[in-house]
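Visitor: This is the structure, below, for whatever I ask next.
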Amino acid sequence: MIANNPVAIAVLQCPNCSKEYDIQQVQSYATCCNQPLVTRFDDLNITKADILTNDDSMWRYRAFLPLFEDDNVVSLGEGWTKILSLTKLAQKHNINSLLLKDESTNPTGSFKARGISMAVSKAKELGINHCVIPTAGNAGGALAAYCAKADIGATVLMPAHTAETLKEECRLFGAELILVDGLIDACGKLARQLSTEKGYFDMSTLKEPYRLEGKKTIGLEIAEQLDWELPDVIIYPTGGGTGLIGMWKAFRELQAVGWLTGKLPRMVIVQTENCAPMMHHFHHRNIEDFKPRASLALGLAVPYPFATDLMLQVIEESKGTVRTVSEQDLLEGIKLVASEEGYLLSPEGSATYMAFRKLLNEQWIGEEENVMLFNTGSWYKYR
Ligand SMILES: Cc1ncc(COP(=O)(O)O)c(C=O)c1O
């Protein structure tokens with residue numbers, strides 16, 4: 001059940017120069033400064049009673065989401081995922097608490113369902129009839145599923161080396177699937193071309209304003225599930241950055257409504273050694289020296305993310321950091337967590353555990369701290 005929400009006061013804004021874009025119209029990104037467009041709520045006049053506690057999906061936070069009409073919600077039951085306690089590993093590493101936000105139980109098996117549920121709802125509201133998406137795999141499957149539900153056409157552009165299951169689900173959902181040689185940046189180029197030539201709406205990460213709002217619900221949810229006290233550190237497997245930026249946006253909005261009063265977590269970006277553009281940016285290294293390669297962690301192989309500035313801002317504001325893990329680490333992490341805790345992590349989820357171990361060894365994380373890892377996808381889809 002979805003109640004009315006006070007969204008009329010939302011505006012779309014360039015995060016760099018604050019130029020506003022008409023929220024009633026179809027928008028992509030802030031062309032003024034070549035930045036993502038961010039939804040700003042001027043007057044979040046929300047109380048805790050506005051959380052729809054009888055709705056166990058991300059739409060319980062309807063009041064924080066910029067959709068005008070309830071009828072336009074396209075939902076497959078995404079969100080309100082569990083936070084698991086990795087008690088044996090916490091004991092082994094002698095850390096206060098080690099939590100895992102398990103996003104693999106979302107529809108289509110990944111956290112991408114959240115952003116895509118919101119974006120497809122907005123596409124429906126704005127009368128868009130065909131979407132195109134470049135994807136490392138999971139976002140494509142999610143778009144195909146939500147577009148099927150909404151009767152919107154979907155074209156999915158995916159690297160040819162992607163696991164078979166991720167391709168097959170797109171076909172089953174009735175999307176047009178185009179395989180591309182290269183990484184997601186090559187798919188992105190083709191998406192722009194199809195958008196110009198055929199008028200498809202481009203759903204590329206952060207070149208569309210509303211996937212971010214859907215991902216924001218992860219942050220709202222963590223706060224509510226932990227009774228409005230956040231962990232000291234959140235370790236997040238980062239590709240395009242929607243989850244990281246979305247969570248931080250959620251925490252800021254919760255501060256604005258006065259529900260979060262304690263300190264915010266230090267946010268950690270994890271990438272793989274094979275493709276770590278954020279490591280280059282974080283250390284001000286010359287991006288020319290950066291040679292991206294494919295990774296087992298498909299979702300982290302995003303060589304040239306559009307939202308670099310916003311990601312760096314989250315790291316700076318939260319006093320966070322960036323770490324990388326190797327391909328060998330990804331395999332080892334899956335085994336270690338599975339054999340200790342009985343949870344199978346996606347390679348991206350494994351990256352967060354292996355980064356945690358590094359940060360603990362370096363004493364960047366202290367034993368008295370509470371740490372949250374993320375399993376963003378389902379191991380079962382990587383076959
Ligand atoms: C399983 C998984 N984890 C993490 C990511 C990175 O997502 P984000 O865009 O939020 O950085 C992706 C993106 O494809 C993914 O599929």
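Here's how to read the names in the structure tokens: chain A, B, ... by the order shown, residue numbers from 1 in each chain, ligand numbers from 1 in the order shown.
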Could you please extract the residues within 10 Å of ligand 1, counting only C-alpha atoms and all ligand atoms, and hand them back as a PyMOL selection string?
Guide: chain A and resi 103-104+109-112+115+134-141+184+204-206+211-212+215+236-247+269-271+297-302+305+307+311+345-349+351+374-379+381-382
Visitor: Near Lys101 of chain A, within 10 Å and counting only C-alpha atoms, which residues show up once chain neighbours fewer than 4 positions away are dropped, as a PyMOL selection string?
Guide: chain A and resi 81-85+218+222+234+349+372-376
Visitor: My list of candidates is A:Gly258, A:Pro277, A:Pro303, A:Pro265. Which is closest to Thr47 of chain A when distances are computed with only C-alpha atoms?
Guide: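 Using only C-alpha atoms, Thr47 of chain A sits closest to A:Gly258.
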Visitor: Pick out the residues sitting within 10 Å of segment 280-291 of chain A, and hand them over as a list in words; count only C-alpha atoms, and ignore anything fewer than 3 positions along from it in its own chain.
Guide: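 The residues satisfying every condition are Asn274, Cys275, Ala276, Pro277, Pro303, Tyr304, Thr308, Asp309, Met311, Leu312, Ile315, Glu316, Thr321, Val322 and Arg323 of chain A.
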Visitor: Quick one, how far is atom CA of Leu183 of chain A from atom CA of Phe356 of chain A?
Guide: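 These atoms are spaced 26.9 Å apart.
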Visitor: Determine, counting only C-alpha atoms, which protein, DNA and RNA residues have an atom within 9 Å of an atom of segment 29-33 of chain A; residues of the same chain fewer than 2 positions away are not included. Present the result as a list of chain:residue names.
Guide: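 The residues satisfying every condition are A:Gln13, A:Cys14, A:Pro15, A:Asn16, A:Cys17, A:Lys19, A:Glu20, A:Tyr21, A:Gln27, A:Gln35, A:Pro36, A:Leu37, A:Val38, A:Leu206, A:Lys207, A:Glu208, A:Pro209.
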Visitor: For Ala90 of chain A, please output as a list of chain:residue names all residues within 12 Å (counting only C-alpha atoms; exclusion window: fewer than 3 positions along the same chain).
Guide: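 The residues satisfying every condition are A:Leu84, A:Ser85, A:Leu86, A:Thr87, A:His93, A:Asn94, A:Ile95, A:Asn96, A:Ser97, A:Leu98, A:Leu99, A:Leu100, A:Val337, A:Glu340, A:Glu341, A:Tyr353, A:Phe356, A:Arg357, A:Leu360, A:Glu367, A:Glu368, A:Glu369, A:Asn370, A:Val371, A:Met372, A:Leu373.
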Visitor: Check the DSSP output for the backbone and give back, as a PyMOL selection string, the residues of segment 286-366 of chain A in helix (DSSP H, G or I).
Guide: chain A and resi 287-289+298-300+308-318+327-341+347-361
Visitor: Give one line per residue of segment 184-276 of chain A that approaches segment 72-80 of chain A to at most 9 Å, naming the two atoms of the closest pair and their distance in Å to one decimal, counting only C-alpha atoms; sort by chain then ascending residue number and deliver it as a Markdown table.
Guide:
| residue | atom | partner | partner_atom | distance |
| --- | --- | --- | --- | --- |
| A:Thr217 | CA | A:Gly79 | CA | 7.7 |
| A:Ile218 | CA | A:Gly79 | CA | 7.5 |
| A:Glu221 | CA | A:Trp80 | CA | 6.7 |
| A:Gln225 | CA | A:Trp80 | CA | 8.9 |
Visitor: Save out the residues we just selected, N, CA and C atoms, as a PDB file, in the first residue's frame.
Guide:
ATOM      1  N   THR A 217      17.469   4.056  -1.042  1.00  0.00           N
ATOM      2  CA  THR A 217      16.679   3.325  -0.038  1.00  0.00           C
ATOM      3  C   THR A 217      17.546   2.354   0.764  1.00  0.00           C
ATOM      4  N   ILE A 218      18.702   1.955   0.223  1.00  0.00           N
ATOM      5  CA  ILE A 218      19.586   1.076   1.015  1.00  0.00           C
ATOM      6  C   ILE A 218      19.995   1.806   2.290  1.00  0.00           C
ATOM      7  N   GLU A 221      17.145   2.228   4.724  1.00  0.00           N
ATOM      8  CA  GLU A 221      16.824   0.929   5.310  1.00  0.00           C
ATOM      9  C   GLU A 221      17.826   0.529   6.398  1.00  0.00           C
ATOM     10  N   GLN A 225      16.737  -0.228  10.110  1.00  0.00           N
ATOM     11  CA  GLN A 225      16.963  -1.577  10.653  1.00  0.00           C
ATOM     12  C   GLN A 225      17.906  -1.560  11.851  1.00  0.00           C
TER      13      GLN A 225
END
Visitor: Go ahead and compute the interatomic distance for atom CA of Ala250 of chain A and atom CA of Gly333 of chain A, in Å to one decimal.
Guide: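 So the answer is 28.9 Å.
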Visitor: Determine which residues of segment 60-268 of chain A receive a DSSP assignment of strand (DSSP E or B), computed from the backbone, and state them as a VMD selection string.
Guide: chain A and resid 83 to 85 97 to 102 110 130 to 134 153 to 159 176 to 180 201 to 202 233 to 237 266 to 268
